[in-house]
$ cat entry-v5.txt   # compact mmCIF, C-alpha atoms
# COMPACT_ATOMS: atom_id res chain seq x y z
CA MET A 104 143.24 79.97 80.01
CA SER A 105 141.33 83.11 79.10
CA TYR A 106 140.80 86.51 80.69
CA TYR A 107 137.05 85.91 80.22
CA ASN A 108 134.47 83.50 81.59
CA ASP A 109 134.02 80.43 79.39
CA ASP A 110 130.29 81.04 78.85
CA GLU A 111 131.02 84.52 77.47
CA LEU A 112 133.54 83.50 74.82
CA ALA A 113 130.81 82.88 72.23
CA ALA A 114 127.49 84.71 72.00
CA PRO A 115 124.22 82.83 71.32
CA ASP A 116 123.39 82.27 67.64
CA TRP A 117 120.19 84.31 67.92
CA ILE A 118 122.21 87.47 68.51
CA ASN A 119 122.67 88.02 64.78
CA LYS A 120 122.23 90.61 62.04
CA GLU A 121 118.43 90.30 61.96
CA PHE A 122 118.16 90.66 65.73
CA LEU A 123 120.40 93.71 65.80
CA GLU A 124 118.43 95.38 63.02
CA LYS A 125 115.23 94.80 64.99
CA VAL A 126 116.81 96.27 68.15
CA LEU A 127 118.18 99.37 66.47
CA LYS A 128 115.05 99.95 64.40
CA GLU A 129 113.01 100.01 67.61
CA TYR A 130 115.60 102.22 69.31
CA HIS A 131 115.43 104.73 66.42
CA ASN A 132 111.60 104.83 66.44
CA ASN A 133 111.11 102.50 63.47
CA VAL A 134 113.52 104.25 61.12
CA ALA A 135 114.92 101.78 58.59
CA VAL A 136 118.18 100.20 59.79
CA GLU A 137 120.79 98.33 57.78
CA ILE A 138 123.63 96.60 59.62
CA VAL A 139 126.94 97.15 57.84
CA LYS A 140 129.02 95.05 60.24
CA PHE A 141 129.12 94.02 63.88
CA GLU A 142 131.56 92.39 66.25
CA LEU A 143 130.70 90.50 69.46
CA SER A 144 133.08 90.01 72.39
CA PRO A 145 132.89 89.39 76.16
CA ALA A 146 131.78 92.51 78.02
CA SER A 147 133.47 91.75 81.31
CA MET A 148 136.48 89.95 82.70
CA LYS A 149 136.83 87.10 85.15
CA GLY A 150 135.77 88.06 88.63
CA ASP A 151 133.56 90.95 87.50
CA HIS A 152 130.25 89.14 87.93
CA TYR A 153 128.71 85.69 88.24
CA ALA A 154 125.13 85.06 87.14
CA SER A 155 124.26 86.65 83.79
CA VAL A 156 126.39 86.40 80.67
CA MET A 157 127.38 89.71 79.10
CA PHE A 158 128.58 90.62 75.63
CA ARG A 159 129.83 93.82 74.00
CA CYS A 160 128.58 94.43 70.48
CA LYS A 161 130.37 97.00 68.30
CA VAL A 162 127.95 97.70 65.49
CA GLU A 163 128.15 99.88 62.39
CA TYR A 164 124.85 100.62 60.68
CA ARG A 165 122.95 102.94 58.36
CA LEU A 166 119.74 104.82 59.04
CA ASN A 167 117.42 105.29 56.05
CA ALA A 168 120.18 103.95 53.81
CA THR A 169 122.16 107.18 54.29
CA THR A 170 123.42 108.15 57.76
CA LEU A 171 126.28 105.93 58.92
CA LEU A 172 126.47 105.37 62.70
CA ASN A 173 128.60 103.40 65.13
CA LYS A 174 127.42 102.20 68.53
CA SER A 175 128.72 100.01 71.31
CA LEU A 176 126.07 97.92 73.07
CA ILE A 177 126.26 95.89 76.28
CA MET A 178 124.04 92.81 76.17
CA LYS A 179 122.99 90.87 79.25
CA THR A 180 121.22 87.53 78.87
CA ILE A 181 120.86 84.05 80.37
CA PRO A 182 123.65 81.48 79.86
CA SER A 183 122.74 78.85 77.27
CA ALA A 184 124.46 76.03 79.15
CA GLU A 185 122.53 74.24 81.89
CA GLY A 186 123.82 74.73 85.41
CA MET A 187 123.40 76.73 88.61
CA LYS A 188 123.55 80.09 86.82
CA GLN A 189 120.79 79.18 84.42
CA GLU A 190 118.69 77.64 87.20
CA ILE A 191 118.85 80.77 89.35
CA LEU A 192 118.06 83.11 86.46
CA LYS A 193 115.15 81.03 85.19
CA LYS A 194 113.53 80.57 88.60
CA THR A 195 113.69 84.22 89.62
CA LYS A 196 112.39 87.51 88.26
CA VAL A 197 115.77 89.18 88.02
CA PHE A 198 115.29 90.30 84.41
CA GLU A 199 111.77 91.55 85.14
CA THR A 200 113.12 93.45 88.14
CA GLU A 201 116.00 95.03 86.25
CA ILE A 202 113.82 96.02 83.31
CA GLY A 203 111.40 97.70 85.71
CA MET A 204 114.25 99.50 87.43
CA TYR A 205 115.75 100.81 84.17
CA THR A 206 112.46 101.80 82.55
CA GLU A 207 110.41 103.11 85.49
CA ALA A 208 111.97 103.51 88.93
CA LEU A 209 115.41 104.91 88.08
CA PRO A 210 114.16 107.45 85.49
CA LYS A 211 111.61 108.69 88.03
CA ILE A 212 114.24 109.04 90.75
CA CYS A 213 116.67 110.82 88.41
CA GLN A 214 113.88 113.16 87.30
CA ILE A 215 113.12 114.17 90.89
CA LEU A 216 116.81 114.73 91.63
CA LYS A 217 117.20 116.86 88.49
CA GLU A 218 114.13 118.97 89.33
CA HIS A 219 115.75 119.86 92.65
CA GLY A 220 119.22 120.70 91.31
CA GLU A 221 120.83 117.34 92.03
CA GLU A 222 121.24 115.96 88.52
CA THR A 223 122.99 112.61 88.56
CA LEU A 224 123.41 109.37 86.64
CA LEU A 225 122.37 106.27 88.56
CA THR A 226 123.04 103.72 85.83
CA ALA A 227 123.58 103.14 82.13
CA GLY A 228 120.79 104.03 79.71
CA ILE A 229 118.63 101.15 78.48
CA ILE A 230 118.42 100.60 74.72
CA TYR A 231 116.30 97.45 74.42
CA HIS A 232 114.73 94.77 76.57
CA SER A 233 112.72 91.61 76.03
CA LEU A 234 111.55 88.59 78.03
CA THR A 235 110.46 86.44 75.07
CA PRO A 236 111.60 84.49 73.17
CA HIS A 237 114.86 85.29 74.99
CA LYS A 238 115.49 87.25 78.17
CA ILE A 239 117.83 90.08 77.26
CA ILE A 240 118.66 93.61 78.35
CA ILE A 241 120.75 95.89 76.13
CA LEU A 242 122.42 98.93 77.69
CA GLU A 243 124.67 101.73 76.53
CA ASP A 244 128.36 100.99 76.92
CA LEU A 245 129.61 103.05 79.87
CA CYS A 246 133.20 102.54 78.74
CA GLU A 247 132.36 104.75 75.78
CA LEU A 248 131.42 107.47 78.28
CA GLY A 249 134.73 107.20 80.12
CA TYR A 250 133.71 104.86 82.95
CA ASP A 251 135.71 101.83 83.99
CA ALA A 252 135.68 99.11 86.65
CA ILE A 253 138.26 98.88 89.43
CA ARG A 254 140.25 95.66 89.32
CA GLY A 255 143.16 94.36 91.31
CA ARG A 256 142.63 96.55 94.37
CA HIS A 257 140.07 97.67 96.93
CA LEU A 258 138.35 101.05 96.92
CA ASN A 259 140.04 103.96 98.72
CA VAL A 260 138.35 106.32 101.19
CA GLN A 261 137.44 108.93 98.55
CA GLU A 262 135.88 106.30 96.31
CA VAL A 263 133.95 104.70 99.16
CA LYS A 264 132.46 108.02 100.23
CA ALA A 265 131.49 108.82 96.63
CA VAL A 266 129.76 105.44 96.38
CA TYR A 267 127.78 105.98 99.59
CA THR A 268 126.86 109.49 98.43
CA LYS A 269 125.41 108.04 95.22
CA LEU A 270 123.61 105.31 97.16
CA ALA A 271 122.14 107.91 99.52
CA LYS A 272 120.57 109.68 96.54
CA LEU A 273 118.88 106.49 95.36
CA HIS A 274 117.74 105.62 98.87
CA ALA A 275 116.52 109.07 99.87
CA VAL A 276 114.33 109.72 96.83
CA SER A 277 112.89 106.21 96.97
CA PHE A 278 112.22 106.69 100.70
CA ALA A 279 110.16 109.79 99.87
CA LEU A 280 108.44 108.13 96.91
CA GLY A 281 107.49 105.19 99.11
CA GLN A 282 105.36 107.53 101.21
CA SER A 283 103.75 109.32 98.27
CA GLU A 284 100.69 108.66 96.12
CA ASP A 285 103.08 107.41 93.45
CA HIS A 286 104.58 104.83 95.82
CA LYS A 287 104.07 101.81 93.56
CA VAL A 288 106.86 102.95 91.28
CA VAL A 289 109.23 101.78 94.06
CA THR A 290 107.18 99.63 96.45
CA LYS A 291 106.28 97.08 93.77
CA PHE A 292 109.82 95.70 93.81
CA GLN A 293 109.55 92.82 96.26
CA ASP A 294 111.69 90.10 94.70
CA GLY A 295 114.93 90.49 96.63
CA PHE A 296 117.20 87.47 96.63
CA MET A 297 116.04 86.36 100.10
CA SER A 298 112.34 87.05 99.55
CA ILE A 299 111.99 83.81 97.64
CA SER A 300 113.15 80.21 98.04
CA ILE A 301 115.76 78.81 95.66
CA PRO A 302 117.27 75.39 96.50
CA ALA A 303 120.74 76.45 95.28
CA LEU A 304 120.77 79.45 97.64
CA SER A 305 119.60 77.27 100.56
CA ASP A 306 122.51 74.93 99.89
CA TYR A 307 124.87 77.92 99.94
CA MET A 308 123.62 78.90 103.36
CA ASP A 309 123.85 75.42 104.85
CA ASN A 310 127.34 74.89 103.47
CA GLY A 311 128.45 78.36 104.52
CA PHE A 312 127.41 77.90 108.13
CA ARG A 313 128.99 74.46 108.25
CA ASN A 314 132.29 75.83 106.92
CA PHE A 315 132.29 78.80 109.27
CA ILE A 316 131.40 76.74 112.34
CA GLN A 317 134.17 74.26 111.45
CA LEU A 318 136.57 77.19 111.24
CA LEU A 319 135.50 78.44 114.68
CA ALA A 320 135.82 74.96 116.14
CA SER A 321 139.43 74.77 114.91
CA TYR A 322 140.66 77.61 117.17
CA PRO A 323 140.15 77.65 120.95
CA GLU A 324 140.09 81.47 120.89
CA PHE A 325 136.90 81.32 118.77
CA GLU A 326 134.99 79.16 121.27
CA ILE A 327 132.56 81.91 122.29
CA TYR A 328 131.67 82.63 118.64
CA HIS A 329 131.28 78.93 117.94
CA GLN A 330 128.80 78.66 120.76
CA LYS A 331 126.82 81.75 119.79
CA LEU A 332 126.74 81.04 116.06
CA THR A 333 125.61 77.47 116.66
CA GLU A 334 122.77 78.76 118.82
CA MET A 335 121.64 81.50 116.45
CA GLN A 336 121.96 79.58 113.17
CA LYS A 337 118.33 78.43 113.10
CA TYR A 338 117.12 82.01 113.44
CA VAL A 339 119.17 83.46 110.59
CA LEU A 340 117.17 82.45 107.54
CA PRO A 341 113.71 83.30 109.00
CA SER A 342 115.03 86.66 110.22
CA CYS A 343 116.59 87.46 106.85
CA LYS A 344 113.37 86.62 105.04
CA ASN A 345 111.52 88.85 107.49
CA LEU A 346 113.92 91.68 106.63
CA PHE A 347 113.29 91.33 102.90
CA ASN A 348 109.51 90.97 103.35
CA SER A 349 109.12 93.56 106.11
CA TYR A 350 107.36 96.18 103.95
CA VAL A 351 104.75 93.69 102.76
CA ASN A 352 104.37 92.44 106.33
CA GLY A 353 103.52 95.96 107.51
CA GLU A 354 106.54 96.46 109.77
CA LYS A 355 108.10 99.82 110.52
CA GLY A 356 111.49 100.86 109.26
CA ILE A 357 113.52 103.13 106.99
CA PHE A 358 112.20 101.66 103.74
CA VAL A 359 114.08 102.43 100.54
CA LEU A 360 114.63 100.94 97.13
CA ASN A 361 117.73 98.85 97.78
CA HIS A 362 120.14 98.08 94.97
CA GLY A 363 120.13 94.54 96.39
CA ASP A 364 123.59 93.39 95.33
CA PHE A 365 125.66 96.37 96.37
CA HIS A 366 129.29 95.33 95.96
CA MET A 367 132.38 96.83 94.35
CA LYS A 368 132.07 94.86 91.10
CA ASN A 369 128.68 96.45 90.46
CA LEU A 370 130.26 99.88 90.20
CA MET A 371 132.01 101.81 87.44
CA PHE A 372 134.07 104.93 88.01
CA LYS A 373 135.05 107.92 85.92
CA TRP A 374 138.28 109.83 86.50
CA ASP A 375 139.51 113.13 85.09
CA ARG A 376 142.10 112.25 82.46
CA ASN A 377 144.38 115.13 83.40
CA SER A 378 144.22 115.32 87.19
CA GLY A 379 143.31 111.70 87.91
CA GLU A 380 140.60 112.91 90.29
CA MET A 381 137.44 110.83 90.46
CA GLU A 382 134.49 112.54 88.78
CA ASP A 383 131.63 110.09 89.14
CA VAL A 384 130.52 106.58 90.01
CA ILE A 385 127.63 104.62 88.49
CA LEU A 386 125.80 101.57 89.84
CA LEU A 387 125.28 98.46 87.70
CA ASP A 388 123.12 95.33 87.89
CA TYR A 389 119.79 96.19 89.47
CA GLN A 390 118.57 92.58 89.17
CA ALA A 391 118.05 92.09 92.91
CA SER A 392 116.54 95.49 93.76
CA CYS A 393 113.85 95.49 96.44
CA PHE A 394 111.88 97.97 98.54
CA ALA A 395 112.83 97.10 102.10
CA PRO A 396 114.88 98.51 105.01
CA SER A 397 118.05 100.27 103.91
CA ASN A 398 120.09 97.81 105.96
CA ILE A 399 120.07 95.37 103.06
CA ASP A 400 122.45 97.55 101.04
CA LEU A 401 124.29 98.96 104.02
CA LEU A 402 125.07 95.76 105.93
CA TYR A 403 125.83 93.94 102.67
CA SER A 404 128.22 96.64 101.51
CA GLN A 405 130.20 96.66 104.74
CA PHE A 406 131.60 93.28 103.70
CA LEU A 407 131.30 93.37 99.90
CA LEU A 408 132.46 96.95 99.31
CA LEU A 409 134.99 97.77 102.03
CA SER A 410 138.49 96.41 102.35
CA PRO A 411 139.36 94.73 105.69
CA GLU A 412 141.16 97.93 106.70
CA LEU A 413 138.31 100.27 105.78
CA ARG A 414 135.79 97.92 107.37
CA MET A 415 137.23 99.07 110.69
CA LYS A 416 135.96 102.56 109.75
CA ARG A 417 132.50 101.37 108.69
CA LYS A 418 130.74 103.58 111.26
CA GLU A 419 132.38 106.64 109.73
CA PHE A 420 131.06 105.63 106.30
CA MET A 421 127.60 104.86 107.65
CA ARG A 422 127.47 108.30 109.22
CA HIS A 423 128.58 109.85 105.92
CA TYR A 424 125.82 107.97 104.11
CA PHE A 425 123.19 109.06 106.63
CA VAL A 426 124.19 112.73 106.44
CA GLU A 427 123.90 112.58 102.65
CA PHE A 428 120.59 110.71 102.91
CA CYS A 429 119.11 113.50 105.05
CA ARG A 430 120.64 116.21 102.85
CA ILE A 431 118.86 114.83 99.80
CA LEU A 432 115.55 114.52 101.65
CA LYS A 433 115.76 118.19 102.58
CA LYS A 434 116.80 119.18 99.06
CA ILE A 435 113.81 117.43 97.45
CA LYS A 436 111.59 119.09 100.09
CA PHE A 437 110.42 115.91 101.78
CA ASN A 438 107.77 116.95 104.32
CA GLY A 439 107.36 113.72 106.26
CA ASP A 440 109.13 112.61 109.43
CA MET A 441 112.89 112.68 108.98
CA PRO A 442 114.62 109.43 110.00
CA LYS A 443 116.83 109.66 113.09
CA TYR A 444 120.36 108.30 113.21
CA SER A 445 119.45 106.40 116.36
CA GLU A 446 116.68 104.61 114.43
CA PHE A 447 119.13 103.78 111.69
CA GLN A 448 121.58 102.30 114.21
CA MET A 449 118.86 100.32 115.98
CA ASP A 450 117.78 98.82 112.66
CA CYS A 451 121.32 97.54 112.15
CA LEU A 452 120.98 95.48 115.33
CA LYS A 453 117.36 94.58 114.67
CA TYR A 454 118.45 93.00 111.38
CA ARG A 455 121.78 91.69 112.71
CA HIS A 456 121.01 88.19 111.39
CA PHE A 457 121.47 89.51 107.85
CA CYS A 458 124.88 90.85 108.84
CA ILE A 459 125.79 87.39 110.14
CA TYR A 460 124.47 85.79 106.94
CA VAL A 461 126.64 88.04 104.76
CA LEU A 462 129.69 87.45 106.96
CA VAL A 463 129.28 83.68 107.14
CA VAL A 464 127.90 82.78 103.70
CA ILE A 465 128.68 85.46 101.11
CA TYR A 466 131.82 87.26 102.21
CA PRO A 467 134.11 84.18 102.26
CA LEU A 468 133.24 83.57 98.60
CA VAL A 469 134.84 86.84 97.56
CA ALA A 470 137.42 87.52 100.29
CA GLY A 471 140.81 87.38 98.63
CA PHE A 472 139.14 87.16 95.21
CA TRP A 473 138.07 90.66 94.17
CA ASP A 474 141.40 92.26 94.97
CA LYS A 475 143.20 89.96 92.52
CA SER A 476 144.40 91.43 89.24
CA VAL A 477 143.02 90.33 85.88
CA GLU A 478 146.32 88.56 85.24
CA GLU A 479 146.04 86.63 88.52
CA LEU A 480 142.51 85.53 87.63
CA LYS A 481 143.35 84.50 84.06
CA ASP A 482 144.10 80.89 84.97
CA THR A 483 141.18 80.61 87.39
CA ASN A 484 137.81 79.02 86.73
CA THR A 485 135.70 81.64 88.51
CA THR A 486 132.45 79.72 88.06
CA GLU A 487 133.96 76.71 89.79
CA MET A 488 135.25 78.95 92.58
CA VAL A 489 131.65 79.98 93.28
CA GLU A 490 130.03 76.58 92.76
CA ASN A 491 132.55 73.95 93.88
CA PRO A 492 131.93 73.17 97.60
CA ASP A 493 135.55 72.10 98.19
CA LEU A 494 136.99 75.30 96.72
CA ILE A 495 134.50 77.38 98.68
CA ALA A 496 135.39 75.58 101.92
CA ALA A 497 139.07 76.36 101.32
CA ASN A 498 138.28 80.09 101.43
CA TYR A 499 137.36 79.82 105.11
CA ASN A 500 140.81 78.54 106.00
CA ARG A 501 142.84 81.17 104.20
CA PRO A 502 145.31 82.65 106.75
CA GLU A 503 144.23 86.19 105.78
CA PHE A 504 140.58 85.37 106.42
CA VAL A 505 141.31 83.74 109.78
CA GLU A 506 143.39 86.72 110.85
CA GLU A 507 140.64 89.13 109.85
CA MET A 508 138.12 87.16 111.91
CA ARG A 509 140.45 87.49 114.92
CA THR A 510 140.12 91.25 114.59
CA PHE A 511 136.52 91.65 113.51
CA LEU A 512 134.56 89.02 115.45
CA PRO A 513 135.28 90.66 118.86
CA ILE A 514 133.94 93.95 117.47
CA LEU A 515 130.69 92.33 116.32
CA LEU A 516 130.40 90.59 119.69
CA ASP A 517 130.82 93.88 121.59
CA GLU A 518 128.25 95.57 119.36
CA GLY A 519 125.64 92.89 119.98
CA TYR A 520 125.54 91.25 116.55
CA PHE A 521 125.90 87.76 118.02
CA ASP A 522 122.95 88.12 120.42

$ encode --input "entry-v5.txt" --output "structure tokens"
Amino acid sequence: MSYYNDDELAAPDWINKEFLEKVLKEYHNNVAVEIVKFELSPASMKGDHYASVMFRCKVEYRLNATTLLNKSLIMKTIPSAEGMKQEILKKTKVFETEIGMYTEALPKICQILKEHGEETLLTAGIIYHSLTPHKIIILEDLCELGYDAIRGRHLNVQEVKAVYTKLAKLHAVSFALGQSEDHKVVTKFQDGFMSISIPALSDYMDNGFRNFIQLLASYPEFEIYHQKLTEMQKYVLPSCKNLFNSYVNGEKGIFVLNHGDFHMKNLMFKWDRNSGEMEDVILLDYQASCFAPSNIDLLYSQFLLLSPELRMKRKEFMRHYFVEFCRILKKIKFNGDMPKYSEFQMDCLKYRHFCIYVLVVIYPLVAGFWDKSVEELKDTNTTEMVENPDLIAANYNRPEFVEEMRTFLPILLDEGYFD
């Protein structure tokens, strides 16, 4: 078996010398480009991501037949093989969304932060993008800038706080922009993954609830959760769609530009080579970004970012995020009404059905998966782990998952999430 996903072992034939010359010529403002040599390889390892396929291209080329340059490119495109991945990517606007984020929204947000003394990187720089004849996004290689992914372990407290600080910057500036004359630069993003209907995602939800309810029915101590989850199941999907469409529907809330898929594998970190101290964190994969209540990123991340141990401290991290959110609003001289922490907390309960959805449907897919080392994942078919109903169902019965539910479900019950 390989360290890489099967569909990333060989790049599509159309990623060739002629295509690369076109890309680099456009990148260098139509200066003549001659490819000397290039090498394609997988850009990520098993467990790093699911939907898109990603390749790293090391290219050596000449400008104007004289200057010799080397560049490492990260290419993201649609898998050539038919299947669930291809279906999801073809039936959604994820590439359109990500291109818009890289070319419009994120540069605007970074510009505002820089103008107010808060210069920061929110993502990799975009080099090329196209929707026809092939959907592709080409980004700078963050590894060349000293960034790397975390594999084989969960994030520690310092890393988690740094991540929420970075998220607060994105959220705060987009919150202010959403109330400005230039609001469309952020408010136009309305294609979050639950704003639309995709049969494959509906199947995930149905299967997830069935698996979770079967788990609850297997233990007498879970009887109260079995009863409540069975009663609230029919409300979950409509409530989640309402969350994602709440800005368009004219509801009130703390509206921000959500990352939309805010989990630990969509982050890269940079550490000081001498001291080992963390210097920065950058967000990846803005394919599901949407302007909606901030709870999308925050509730999602409580399960997809935090370890089971740190999840018990989630209120501490949410408070840290909110303090940073308000700090940035003040720094960029936002003159509207400042959000209150009480409003933020009430929104968490208002949109509790999304919390239940993430817990029941998404979290079991990755629990006990993302903390595995690359070596442990080498002999694993990660695509099958995400798509095979029997393998997914087995995740719900892992002793570690059951034990975590014994600890965490009573907390959610006490806090009103099962109402």

$ atom_distance --input "entry-v5.txt" --atom1 "CA of Gln330 in chain A" --atom2 "CA of Arg501 in chain A"
21.9 Å

$ residues_around --input "entry-v5.txt" --residues "Glu262 in chain A" --least-positions-apart "6" --cutoff "10 Å" --atoms "all atoms listed in the file" --output "list in words"
Thr268, Phe372, Met381, Glu382, Asp383 and Val384 of chain A

$ write_last_selection --input "entry-v5.txt" --atoms "C-alpha atoms" --output "PDB file, in the frame of the given file"
ATOM      1  CA  THR A 268     126.860 109.490  98.430  1.00  0.00           C
ATOM      2  CA  PHE A 372     134.070 104.930  88.010  1.00  0.00           C
ATOM      3  CA  MET A 381     137.440 110.830  90.460  1.00  0.00           C
ATOM      4  CA  GLU A 382     134.490 112.540  88.780  1.00  0.00           C
ATOM      5  CA  ASP A 383     131.630 110.090  89.140  1.00  0.00           C
ATOM      6  CA  VAL A 384     130.520 106.580  90.010  1.00  0.00           C
TER       7      VAL A 384
END

$ residues_around --input "entry-v5.txt" --residues "range 168-182 of chain A" --least-positions-apart "6" --cutoff "10 Å" --atoms "only C-alpha atoms" --output "PyMOL selection string"
chain A and resi 110-111+114-115+118+127+134-147+154-162+188-193+198+227+229-234+237-247+388

$ closest_residue --input "entry-v5.txt" --among "A:Arg509, A:Lys453, A:Arg430, A:His366" --to "Gln405 in chain A" --atoms "only C-alpha atoms"
A:His366

$ closest_residue --input "entry-v5.txt" --among "A:Tyr267, A:Phe504, A:Trp374, A:Tyr454" --to "Ser404 in chain A" --atoms "only C-alpha atoms"
A:Tyr267

$ atom_distance --input "entry-v5.txt" --atom1 "CA of Asn345 in chain A" --atom2 "CA of Met308 in chain A"
16.2 Å

$ atom_distance --input "entry-v5.txt" --atom1 "CA of Ile514 in chain A" --atom2 "CA of Leu402 in chain A"
14.7 Å

$ closest_residue --input "entry-v5.txt" --among "A:Leu340, A:Ala113, A:Val260, A:Leu386" --to "Glu419 in chain A" --atoms "all atoms listed in the file"
A:Val260

$ residues_around --input "entry-v5.txt" --residues "Asp309 in chain A" --least-positions-apart "4" --cutoff "10 Å" --atoms "only C-alpha atoms" --output "ChimeraX atom specification"
/A:304-305,313-314,336,464

$ closest_residue --input "entry-v5.txt" --among "A:Phe278, A:Phe437, A:Tyr130, A:Phe296" --to "Thr195 in chain A" --atoms "all atoms listed in the file"
A:Phe296

$ residues_near_point --input "entry-v5.txt" --point "(112.5, 102.6, 109.3)" --cutoff "10 Å" --atoms "all atoms listed in the file" --output "PyMOL selection string"
chain A and resi 278+350+354-359+395-398+442-443+446-447+449-450

$ closest_residue --input "entry-v5.txt" --among "A:Pro341, A:Arg455, A:Asn310, A:Ile435" --to "Ile495 in chain A" --atoms "only C-alpha atoms"
A:Asn310

$ build_atoms --input "entry-v5.txt" --residues "range 275-281 of chain A" --atoms "all heavy atoms" --output "short mmCIF file (atom, residue, chain, number, x, y, z; two decimals), in the coordinates of the input"
data_model
loop_
_atom_site.label_atom_id
_atom_site.label_comp_id
_atom_site.auth_asym_id
_atom_site.auth_seq_id
_atom_site.Cartn_x
_atom_site.Cartn_y
_atom_site.Cartn_z
N ALA A 275 117.31 107.96 99.34
CA ALA A 275 116.52 109.07 99.87
C ALA A 275 115.30 109.35 99.01
O ALA A 275 114.18 109.50 99.53
CB ALA A 275 117.38 110.33 99.99
N VAL A 276 115.48 109.43 97.70
CA VAL A 276 114.33 109.72 96.83
C VAL A 276 113.33 108.58 96.87
O VAL A 276 112.11 108.80 96.90
CB VAL A 276 114.80 109.99 95.39
CG1 VAL A 276 113.59 110.26 94.48
CG2 VAL A 276 115.75 111.18 95.35
N SER A 277 113.82 107.34 96.90
CA SER A 277 112.89 106.21 96.97
C SER A 277 112.17 106.15 98.31
O SER A 277 111.01 105.73 98.39
CB SER A 277 113.62 104.89 96.70
OG SER A 277 114.63 104.63 97.67
N PHE A 278 112.85 106.59 99.37
CA PHE A 278 112.22 106.69 100.70
C PHE A 278 111.03 107.65 100.63
O PHE A 278 109.94 107.36 101.14
CB PHE A 278 113.24 107.16 101.72
CG PHE A 278 112.69 107.45 103.10
CD1 PHE A 278 112.46 106.42 104.01
CD2 PHE A 278 112.41 108.75 103.49
CE1 PHE A 278 111.96 106.68 105.28
CE2 PHE A 278 111.91 109.03 104.76
CZ PHE A 278 111.68 108.00 105.65
N ALA A 279 111.25 108.80 100.00
CA ALA A 279 110.16 109.79 99.87
C ALA A 279 109.06 109.28 98.95
O ALA A 279 107.87 109.42 99.25
CB ALA A 279 110.74 111.10 99.33
N LEU A 280 109.44 108.67 97.84
CA LEU A 280 108.44 108.13 96.91
C LEU A 280 107.59 107.06 97.57
O LEU A 280 106.39 106.94 97.31
CB LEU A 280 109.13 107.54 95.68
CG LEU A 280 109.52 108.51 94.57
CD1 LEU A 280 110.38 107.80 93.53
CD2 LEU A 280 108.28 109.11 93.92
N GLY A 281 108.21 106.27 98.44
CA GLY A 281 107.49 105.19 99.11
C GLY A 281 106.38 105.67 100.01
O GLY A 281 105.49 104.89 100.37
#
